[in-house]
>>> print(open('input_35.txt').read())   # compact mmCIF, C-alpha atoms
# COMPACT_ATOMS: atom_id res chain seq x y z
CA MET A 64 -1.91 21.77 -23.94
CA ARG A 65 -5.10 22.01 -21.94
CA ILE A 66 -5.55 18.80 -19.94
CA LEU A 67 -8.69 17.65 -18.14
CA VAL A 68 -7.63 15.76 -15.01
CA THR A 69 -10.39 13.92 -13.18
CA GLY A 70 -9.71 13.12 -9.54
CA ALA A 71 -7.56 16.26 -9.23
CA ALA A 72 -7.92 16.28 -5.43
CA GLY A 73 -6.79 12.67 -5.21
CA PHE A 74 -3.39 11.28 -4.30
CA ILE A 75 -2.25 10.68 -7.88
CA GLY A 76 -4.42 13.32 -9.55
CA ALA A 77 -3.09 16.22 -7.50
CA GLN A 78 0.52 15.33 -8.23
CA VAL A 79 -0.09 14.68 -11.92
CA SER A 80 -1.79 18.09 -12.08
CA THR A 81 1.26 19.67 -10.43
CA ALA A 82 3.61 18.05 -12.94
CA LEU A 83 1.52 19.22 -15.89
CA LEU A 84 1.35 22.79 -14.58
CA ASP A 85 5.10 22.77 -13.92
CA ARG A 86 5.79 22.03 -17.58
CA GLY A 87 3.41 24.75 -18.80
CA ASP A 88 0.16 22.92 -19.51
CA GLU A 89 -3.23 24.24 -18.44
CA VAL A 90 -5.16 21.91 -16.13
CA VAL A 91 -8.93 21.68 -15.74
CA GLY A 92 -9.34 19.71 -12.52
CA PHE A 93 -12.53 17.75 -11.84
CA ASP A 94 -13.31 16.27 -8.42
CA ASN A 95 -16.29 15.96 -6.07
CA VAL A 96 -13.99 15.99 -2.98
CA ASN A 97 -16.10 13.31 -1.31
CA ASP A 98 -15.62 11.96 2.21
CA TYR A 99 -14.51 8.40 1.40
CA TYR A 100 -11.44 9.52 3.32
CA ASP A 101 -10.47 12.76 5.06
CA PRO A 102 -11.62 15.64 2.80
CA ILE A 103 -9.31 17.98 4.71
CA LEU A 104 -6.35 16.14 3.18
CA LYS A 105 -7.94 16.52 -0.26
CA GLN A 106 -8.45 20.22 0.33
CA ALA A 107 -4.80 20.53 1.39
CA ARG A 108 -3.71 18.93 -1.88
CA LEU A 109 -5.96 21.32 -3.80
CA ALA A 110 -4.58 24.30 -1.90
CA ARG A 111 -1.21 23.61 -3.54
CA LEU A 112 -2.87 23.88 -6.97
CA GLU A 113 -5.48 26.60 -6.60
CA GLY A 114 -4.20 30.04 -7.40
CA ARG A 115 -1.59 28.72 -9.82
CA ASP A 116 -1.74 30.10 -13.34
CA GLY A 117 -3.49 27.68 -15.65
CA PHE A 118 -5.43 25.73 -13.02
CA GLU A 119 -9.22 25.59 -12.72
CA LEU A 120 -11.21 23.29 -10.44
CA LEU A 121 -14.68 22.01 -11.26
CA ARG A 122 -16.20 20.49 -8.12
CA HIS A 123 -18.72 17.94 -9.36
CA ASP A 124 -19.44 14.21 -9.41
CA LEU A 125 -18.39 12.08 -12.38
CA ALA A 126 -21.81 10.43 -12.43
CA ASP A 127 -23.34 13.85 -13.19
CA ARG A 128 -23.50 13.74 -16.98
CA ALA A 129 -24.25 17.44 -17.41
CA ALA A 130 -21.29 18.40 -15.20
CA VAL A 131 -18.92 16.19 -17.18
CA ASP A 132 -20.25 17.68 -20.43
CA ALA A 133 -19.57 21.15 -19.00
CA ALA A 134 -15.98 20.12 -18.26
CA PHE A 135 -15.54 19.15 -21.89
CA ASP A 136 -16.88 22.59 -22.87
CA ARG A 137 -13.39 23.78 -21.80
CA SER A 138 -12.13 21.97 -24.94
CA PRO A 139 -9.35 19.89 -23.38
CA ASP A 140 -6.78 18.59 -25.83
CA ARG A 141 -6.23 15.46 -23.75
CA VAL A 142 -7.76 13.80 -20.70
CA VAL A 143 -6.17 12.07 -17.71
CA HIS A 144 -9.00 10.15 -16.04
CA LEU A 145 -7.90 9.26 -12.50
CA ALA A 146 -11.14 9.74 -10.55
CA ALA A 147 -12.61 6.52 -9.16
CA GLN A 148 -14.08 4.93 -6.12
CA ALA A 149 -10.96 3.25 -4.77
CA GLY A 150 -10.38 0.43 -2.31
CA VAL A 151 -10.85 -3.32 -2.58
CA ARG A 152 -12.38 -3.96 0.85
CA TYR A 153 -14.84 -1.06 0.69
CA SER A 154 -16.30 -2.56 -2.49
CA LEU A 155 -17.70 -5.34 -0.30
CA GLU A 156 -19.57 -2.76 1.77
CA ASN A 157 -20.78 -0.26 -0.81
CA PRO A 158 -20.80 -1.84 -4.28
CA HIS A 159 -23.11 0.76 -5.80
CA ALA A 160 -20.50 3.49 -5.25
CA TYR A 161 -18.14 1.59 -7.57
CA VAL A 162 -20.64 1.29 -10.38
CA ASP A 163 -21.72 4.93 -10.05
CA SER A 164 -18.18 6.31 -10.12
CA ASN A 165 -16.08 3.76 -11.99
CA VAL A 166 -18.57 2.59 -14.61
CA THR A 167 -21.09 5.40 -15.10
CA GLY A 168 -18.44 8.05 -14.49
CA THR A 169 -16.06 6.51 -17.02
CA LEU A 170 -18.86 6.24 -19.57
CA ASN A 171 -19.50 9.97 -19.16
CA VAL A 172 -15.81 10.68 -19.75
CA LEU A 173 -15.73 8.46 -22.84
CA GLU A 174 -18.80 10.21 -24.22
CA GLY A 175 -17.13 13.57 -23.64
CA CYS A 176 -14.06 12.39 -25.54
CA ARG A 177 -16.24 11.05 -28.34
CA HIS A 178 -18.25 14.21 -28.90
CA ARG A 179 -15.37 16.70 -28.46
CA GLY A 180 -12.71 14.92 -30.50
CA THR A 181 -10.21 14.45 -27.67
CA ASP A 182 -6.67 13.68 -28.90
CA HIS A 183 -5.88 11.09 -26.21
CA LEU A 184 -7.53 9.62 -23.13
CA VAL A 185 -5.24 8.17 -20.47
CA TYR A 186 -7.12 6.43 -17.68
CA ALA A 187 -6.29 4.63 -14.46
CA SER A 188 -6.77 0.90 -14.35
CA SER A 189 -5.31 -1.25 -11.56
CA SER A 190 -3.14 -4.26 -10.83
CA SER A 191 -6.31 -5.64 -9.22
CA VAL A 192 -7.54 -6.68 -12.67
CA TYR A 193 -5.09 -9.60 -12.57
CA GLY A 194 -7.35 -11.18 -9.95
CA ALA A 195 -6.86 -14.93 -9.75
CA ASN A 196 -3.87 -14.90 -12.15
CA THR A 197 -0.79 -16.46 -10.55
CA THR A 198 1.78 -16.36 -13.38
CA MET A 199 4.41 -13.82 -12.35
CA PRO A 200 5.28 -11.17 -13.33
CA PHE A 201 1.85 -9.97 -14.39
CA SER A 202 1.86 -9.14 -18.10
CA VAL A 203 -0.53 -6.88 -20.03
CA HIS A 204 -0.46 -9.56 -22.73
CA ASP A 205 -2.17 -12.10 -20.43
CA ASN A 206 -5.94 -12.41 -20.21
CA VAL A 207 -7.49 -11.02 -17.02
CA ASP A 208 -10.89 -12.63 -16.91
CA HIS A 209 -11.11 -13.67 -13.26
CA PRO A 210 -11.39 -10.60 -10.97
CA VAL A 211 -11.77 -11.33 -7.26
CA SER A 212 -13.34 -8.02 -6.16
CA LEU A 213 -15.99 -5.71 -7.56
CA TYR A 214 -13.39 -2.94 -7.62
CA ALA A 215 -11.25 -5.06 -9.95
CA ALA A 216 -14.28 -5.89 -12.08
CA THR A 217 -15.07 -2.19 -12.57
CA LYS A 218 -11.48 -1.51 -13.62
CA LYS A 219 -11.61 -4.38 -16.10
CA ALA A 220 -14.89 -2.91 -17.34
CA ASN A 221 -13.13 0.43 -17.89
CA GLU A 222 -10.59 -1.26 -20.14
CA LEU A 223 -13.34 -2.97 -22.14
CA MET A 224 -15.32 0.26 -22.45
CA ALA A 225 -12.23 2.17 -23.58
CA HIS A 226 -11.48 -0.42 -26.24
CA THR A 227 -15.05 -0.21 -27.51
CA TYR A 228 -14.79 3.56 -27.92
CA SER A 229 -11.35 3.29 -29.53
CA HIS A 230 -12.77 0.75 -31.98
CA LEU A 231 -16.03 2.53 -32.78
CA TYR A 232 -14.88 6.15 -32.76
CA ALA A 233 -11.08 5.95 -33.26
CA ILE A 234 -10.46 7.64 -29.88
CA PRO A 235 -6.87 6.96 -28.78
CA THR A 236 -7.04 5.45 -25.28
CA THR A 237 -4.33 4.20 -22.95
CA GLY A 238 -5.04 2.29 -19.74
CA LEU A 239 -2.49 2.27 -16.93
CA ARG A 240 -2.50 -0.56 -14.42
CA PHE A 241 -1.07 0.99 -11.26
CA PHE A 242 0.64 -1.24 -8.68
CA THR A 243 0.19 -0.23 -4.99
CA VAL A 244 1.05 3.45 -5.14
CA TYR A 245 2.58 5.04 -2.02
CA GLY A 246 4.38 8.20 -0.95
CA PRO A 247 3.83 11.73 0.43
CA TRP A 248 0.24 13.03 0.28
CA GLY A 249 -0.97 9.42 0.07
CA ARG A 250 -4.34 7.92 0.89
CA PRO A 251 -5.17 7.38 4.60
CA ASP A 252 -6.86 4.05 3.81
CA MET A 253 -3.64 2.53 2.44
CA ALA A 254 -1.30 0.32 4.46
CA LEU A 255 1.62 2.77 4.68
CA PHE A 256 -0.58 5.52 6.12
CA LEU A 257 -2.44 3.18 8.48
CA PHE A 258 0.73 1.49 9.74
CA THR A 259 2.61 4.76 10.26
CA ARG A 260 -0.24 6.32 12.22
CA ALA A 261 -0.78 3.24 14.40
CA ILE A 262 2.92 2.79 15.21
CA LEU A 263 3.30 6.45 16.18
CA GLU A 264 0.19 6.20 18.38
CA GLY A 265 1.38 2.97 20.02
CA ARG A 266 -1.45 0.86 18.58
CA PRO A 267 -1.09 -2.58 16.97
CA ILE A 268 -1.26 -2.83 13.18
CA ASP A 269 -3.51 -5.27 11.34
CA VAL A 270 -1.38 -7.55 9.16
CA PHE A 271 -3.47 -9.64 6.78
CA ASN A 272 -2.62 -13.14 5.57
CA GLU A 273 -0.38 -13.22 8.65
CA GLY A 274 2.19 -11.14 6.78
CA ARG A 275 2.57 -13.57 3.87
CA MET A 276 1.84 -10.92 1.23
CA ARG A 277 4.04 -9.50 -1.51
CA ARG A 278 3.31 -6.19 -3.19
CA ASP A 279 4.93 -4.31 -6.04
CA PHE A 280 4.97 -1.00 -4.13
CA THR A 281 5.41 1.91 -6.57
CA TYR A 282 6.52 5.37 -5.47
CA ILE A 283 4.26 8.28 -6.41
CA ASP A 284 6.92 10.22 -8.36
CA ASP A 285 7.47 7.18 -10.59
CA ILE A 286 3.74 6.88 -11.19
CA VAL A 287 3.49 10.57 -12.12
CA GLU A 288 6.40 10.38 -14.55
CA GLY A 289 4.88 7.31 -16.15
CA VAL A 290 1.49 9.00 -16.56
CA VAL A 291 2.97 12.13 -18.14
CA ARG A 292 5.22 10.17 -20.50
CA VAL A 293 2.34 7.99 -21.63
CA LEU A 294 0.08 11.03 -22.08
CA ASP A 295 2.58 12.35 -24.62
CA ARG A 296 2.60 9.07 -26.57
CA VAL A 297 -0.68 8.78 -28.45
CA PRO A 298 -1.35 5.12 -29.28
CA SER A 299 -1.88 3.92 -32.82
CA PRO A 300 -3.40 0.69 -34.15
CA ASN A 301 -1.21 -2.41 -34.05
CA PRO A 302 -0.95 -3.56 -37.69
CA SER A 303 0.11 -7.07 -36.65
CA TRP A 304 -2.83 -7.62 -34.29
CA SER A 305 -4.81 -10.74 -35.14
CA GLY A 306 -8.15 -11.98 -33.93
CA ASP A 307 -6.83 -15.52 -34.34
CA SER A 308 -4.46 -14.89 -31.44
CA PRO A 309 -5.70 -11.68 -29.83
CA ASP A 310 -3.25 -9.63 -27.78
CA PRO A 311 -5.17 -8.03 -24.86
CA ALA A 312 -2.73 -5.10 -24.61
CA THR A 313 -3.07 -3.79 -28.18
CA SER A 314 -5.66 -3.72 -30.96
CA THR A 315 -6.47 -2.79 -34.52
CA ALA A 316 -7.91 0.29 -32.77
CA PRO A 317 -5.73 3.05 -31.22
CA TYR A 318 -5.74 1.31 -27.84
CA ARG A 319 -2.96 0.39 -25.41
CA LEU A 320 -2.45 -1.00 -21.92
CA TYR A 321 0.63 -0.65 -19.68
CA ASN A 322 1.66 -1.76 -16.22
CA ILE A 323 3.25 0.92 -14.05
CA GLY A 324 4.92 -0.87 -11.17
CA ASN A 325 8.30 -1.06 -9.49
CA HIS A 326 8.77 -4.62 -10.90
CA SER A 327 10.32 -5.61 -7.58
CA PRO A 328 7.84 -7.19 -5.13
CA VAL A 329 8.45 -6.62 -1.43
CA GLU A 330 7.40 -8.94 1.38
CA LEU A 331 4.90 -7.24 3.68
CA MET A 332 7.07 -7.90 6.72
CA ALA A 333 10.02 -6.21 4.97
CA PHE A 334 7.73 -3.28 4.15
CA ILE A 335 6.78 -3.01 7.83
CA GLY A 336 10.46 -3.23 8.77
CA ALA A 337 11.23 -0.27 6.50
CA ILE A 338 8.50 1.76 8.22
CA GLU A 339 9.89 0.83 11.64
CA ASP A 340 13.38 1.91 10.55
CA ALA A 341 12.11 5.25 9.23
CA LEU A 342 10.11 5.91 12.41
CA GLY A 343 12.70 4.57 14.85
CA ARG A 344 9.94 2.53 16.54
CA ARG A 345 8.85 -1.09 16.55
CA ALA A 346 5.38 -2.23 15.49
CA GLU A 347 3.02 -4.44 17.46
CA LEU A 348 1.53 -6.91 14.98
CA ASN A 349 -2.06 -8.17 14.91
CA LEU A 350 -1.83 -11.12 12.51
CA LEU A 351 -5.06 -11.77 10.61
CA PRO A 352 -6.21 -14.12 7.82
CA MET A 353 -6.48 -13.12 4.17
CA GLN A 354 -9.37 -10.76 3.51
CA PRO A 355 -11.99 -11.39 0.80
CA GLY A 356 -11.03 -9.69 -2.46
CA ASP A 357 -7.30 -9.55 -1.66
CA VAL A 358 -4.57 -11.37 -3.57
CA ALA A 359 -1.38 -12.81 -2.09
CA ALA A 360 1.08 -11.16 -4.46
CA THR A 361 1.48 -8.59 -7.24
CA TYR A 362 4.43 -8.18 -9.59
CA ALA A 363 4.51 -5.94 -12.67
CA ASP A 364 6.09 -6.75 -16.01
CA VAL A 365 7.00 -3.27 -17.33
CA ASP A 366 8.85 -4.28 -20.50
CA ASP A 367 6.28 -2.58 -22.75
CA LEU A 368 6.46 0.67 -20.76
CA VAL A 369 10.24 0.66 -21.08
CA ALA A 370 10.13 -0.13 -24.81
CA ASP A 371 7.50 2.48 -25.69
CA VAL A 372 8.23 5.44 -23.40
CA GLY A 373 11.71 4.65 -22.12
CA PHE A 374 10.81 4.64 -18.45
CA SER A 375 10.89 2.11 -15.63
CA PRO A 376 9.91 2.91 -12.01
CA ALA A 377 12.86 2.23 -9.73
CA THR A 378 12.59 4.14 -6.42
CA PRO A 379 13.78 1.77 -3.63
CA ILE A 380 11.23 1.08 -0.90
CA HIS A 381 13.39 2.48 1.92
CA ILE A 382 13.82 5.76 0.05
CA GLY A 383 10.11 6.11 -0.70
CA ILE A 384 9.02 5.22 2.83
CA GLY A 385 11.57 7.60 4.29
CA ARG A 386 10.14 10.45 2.22
CA PHE A 387 6.61 9.54 3.25
CA VAL A 388 7.49 9.49 6.97
CA GLU A 389 9.23 12.84 6.63
CA TRP A 390 6.12 14.29 4.96
CA TYR A 391 3.77 12.68 7.54
CA ARG A 392 5.67 14.10 10.51
CA GLN A 393 5.69 17.57 8.96
CA TYR A 394 2.04 17.54 7.79
CA TYR A 395 0.65 16.27 11.11
CA GLY A 396 3.23 17.96 13.34
CA VAL A 397 4.35 14.67 14.87
>>> encode(input="input_35.txt", output="structure tokens")
Amino acid sequence: MRILVTGAAGFIGAQVSTALLDRGDEVVGFDNVNDYYDPILKQARLARLEGRDGFELLRHDLADRAAVDAAFDRSPDRVVHLAAQAGVRYSLENPHAYVDSNVTGTLNVLEGCRHRGTDHLVYASSSSVYGANTTMPFSVHDNVDHPVSLYAATKKANELMAHTYSHLYAIPTTGLRFFTVYGPWGRPDMALFLFTRAILEGRPIDVFNEGRMRRDFTYIDDIVEGVVRVLDRVPSPNPSWSGDSPDPATSTAPYRLYNIGNHSPVELMAFIGAIEDALGRRAELNLLPMQPGDVAATYADVDDLVADVGFSPATPIHIGIGRFVEWYRQYYGV
């Protein structure tokens, strides 16, 4: 197939693109390669894709409607929409970036799918949509109406927009709620990258909520396999769906939501301990209060993912962190 992958220079997008090329698909990558974090790292990811048979990069912004339309002129069979303005804390500083990229950009993608008859749109949502929910594990069948950051609100908006287009235009759409993705080629603004760099440089690490956090850390290879498997499973309407007791994860439209998480929350202090073990160094901790927009814990219910595509992320945290540290030392020559 020919697949349009937005965010192809990103952490997840670059590795999804690699997996699709490896199995023989053509990939039209779309990315503006902005400077939210180190563009040199993004260029390094792209360097592993460019020159491969079947890969083309379109370097534009998702908010540019004409550029997105031009991407759909390549007639993609399916779309993996991973581009977004990421980060919970940054949404407190620059909210307009989130609306431009995550809302306007997603609308442009949906319009492209509508007018070109795309077979299936798979798009990135986030565990952040669970917001103030405290019932664990988080289930796609629970309502998520209380986001606690603008980032989360834009991701919830993406799910609502996708459902609208599935309902009005019968576009099959699948939203994937990712849970704290980590691993080689990861984002420098994420905890694993920040902690590793600080420990190696002998600097203290900032530990929010005084370490009393739990995250369902999910290894990048598991995320990629989940994305590709879901891409191959085009959703259909749920014939048993009822407006009297509406299920948020399905619909009378060809619409579906899944969690992709390791379904095994890890205490932040245990996470730091695994980094220390992989580095062979101890961390100096700077304990701080909870930050606005953060939540204390995440935990994914992946029963639907297992039932529908036969896959459950399972990479142990010490294995994933070990692979990241190995990559980090090699990439930065440490």
>>> closest_atom_pairs(input="input_35.txt", of="region 175-223 of chain A", to="region 319-324 of chain A", cutoff="12 Å", atoms="all atoms listed in the file", output="tab-separated table")
residue	atom	partner	partner_atom	distance
A:His183	CA	A:Arg319	CA	11.1
A:Leu184	CA	A:Arg319	CA	10.5
A:Val185	CA	A:Arg319	CA	9.5
A:Tyr186	CA	A:Leu320	CA	9.7
A:Ala187	CA	A:Leu320	CA	10.1
A:Ser188	CA	A:Leu320	CA	8.9
A:Ser189	CA	A:Asn322	CA	8.4
A:Ser190	CA	A:Asn322	CA	7.6
A:Ser191	CA	A:Asn322	CA	11.3
A:Val192	CA	A:Asn322	CA	11.0
A:Tyr193	CA	A:Asn322	CA	11.0
A:Pro200	CA	A:Asn322	CA	10.5
A:Phe201	CA	A:Asn322	CA	8.4
A:Ser202	CA	A:Asn322	CA	7.6
A:Val203	CA	A:Tyr321	CA	6.3
A:His204	CA	A:Leu320	CA	8.8
A:Asp205	CA	A:Leu320	CA	11.2
A:Lys219	CA	A:Leu320	CA	11.4
A:Asn221	CA	A:Leu320	CA	11.5
A:Glu222	CA	A:Leu320	CA	8.3
A:Leu223	CA	A:Leu320	CA	11.1
>>> residues_around(input="input_35.txt", residues="region 268-276 of chain A", least_positions_apart="4", cutoff="8 Å", atoms="only C-alpha atoms", output="number ranges by chain")
A: 257-258, 261-262, 330-332, 346-354, 359-360
>>> residues_around(input="input_35.txt", residues="Phe256 (chain A)", least_positions_apart="6", cutoff="10 Å", atoms="only C-alpha atoms", output="list in words")
Tyr245, Gly246, Pro247, Trp248, Gly249, Arg250, Phe387, Val388 and Tyr391 of chain A
>>> residues_near_point(input="input_35.txt", point="(2.8, -9.0, -4.4)", cutoff="6 Å", atoms="all atoms listed in the file", output="ChimeraX atom specification")
/A:277-279,328,360-362
>>> closest_residue(input="input_35.txt", among="A:Ala71, A:Ala333, A:Ile234, A:Ala341", to="His178 (chain A)", atoms="only C-alpha atoms")
A:Ile234
>>> residues_around(input="input_35.txt", residues="region 291-298 of chain A", least_positions_apart="4", cutoff="8 Å", atoms="only C-alpha atoms", output="PyMOL selection string")
chain A and resi 79+82-83+141+143+182-185+235-237+287+317-319+372
>>> residues_near_point(input="input_35.txt", point="(-14.0, -8.1, -9.1)", cutoff="9 Å", atoms="only C-alpha atoms", output="MDAnalysis selection string")
chainID A and resid 151 154 191:192 194 209:219 356
>>> closest_residue(input="input_35.txt", among="A:Ile283, A:Ile382, A:Ala363, A:Leu263", to="Arg344 (chain A)", atoms="all atoms listed in the file")
A:Leu263
>>> residues_around(input="input_35.txt", residues="Gln148 (chain A)", least_positions_apart="3", cutoff="7 Å", atoms="only C-alpha atoms", output="JSON, numbers by chain")
{"A": [160, 161, 164, 165]}
>>> closest_residue(input="input_35.txt", among="A:Ile66, A:Val365, A:Ile75, A:Ala220", to="Glu288 (chain A)", atoms="all atoms listed in the file")
A:Ile75
>>> closest_residue(input="input_35.txt", among="A:Gly70, A:Pro300, A:Gly92, A:Gly383", to="Thr169 (chain A)", atoms="all atoms listed in the file")
A:Gly70
>>> atom_distance(input="input_35.txt", atom1="CA of Thr315 (chain A)", atom2="CA of Ala233 (chain A)")
10.0 Å
>>> closest_residue(input="input_35.txt", among="A:Ala126, A:Ile103, A:Cys176, A:Val162", to="Leu67 (chain A)", atoms="all atoms listed in the file")
A:Cys176
>>> decode(input="input_35.txt", residues="region 202-216 of chain A", atoms="C-alpha atoms", output="PDB file, in the first residue's frame")
ATOM      1  CA  SER A 202     -10.568   1.806  29.810  1.00  0.00           C
ATOM      2  CA  VAL A 203     -11.558   3.087  26.364  1.00  0.00           C
ATOM      3  CA  HIS A 204     -15.139   2.318  27.399  1.00  0.00           C
ATOM      4  CA  ASP A 205     -15.060   4.997  30.131  1.00  0.00           C
ATOM      5  CA  ASN A 206     -16.023   8.602  29.463  1.00  0.00           C
ATOM      6  CA  VAL A 207     -13.108  11.050  29.326  1.00  0.00           C
ATOM      7  CA  ASP A 208     -14.748  14.400  29.805  1.00  0.00           C
ATOM      8  CA  HIS A 209     -12.396  16.041  32.304  1.00  0.00           C
ATOM      9  CA  PRO A 210      -9.004  16.814  30.691  1.00  0.00           C
ATOM     10  CA  VAL A 211      -6.488  18.600  32.913  1.00  0.00           C
ATOM     11  CA  SER A 212      -4.258  20.108  30.198  1.00  0.00           C
ATOM     12  CA  LEU A 213      -4.867  21.811  26.873  1.00  0.00           C
ATOM     13  CA  TYR A 214      -2.777  19.105  25.216  1.00  0.00           C
ATOM     14  CA  ALA A 215      -5.223  16.494  26.525  1.00  0.00           C
ATOM     15  CA  ALA A 216      -8.174  18.609  25.412  1.00  0.00           C
TER      16      ALA A 216
END
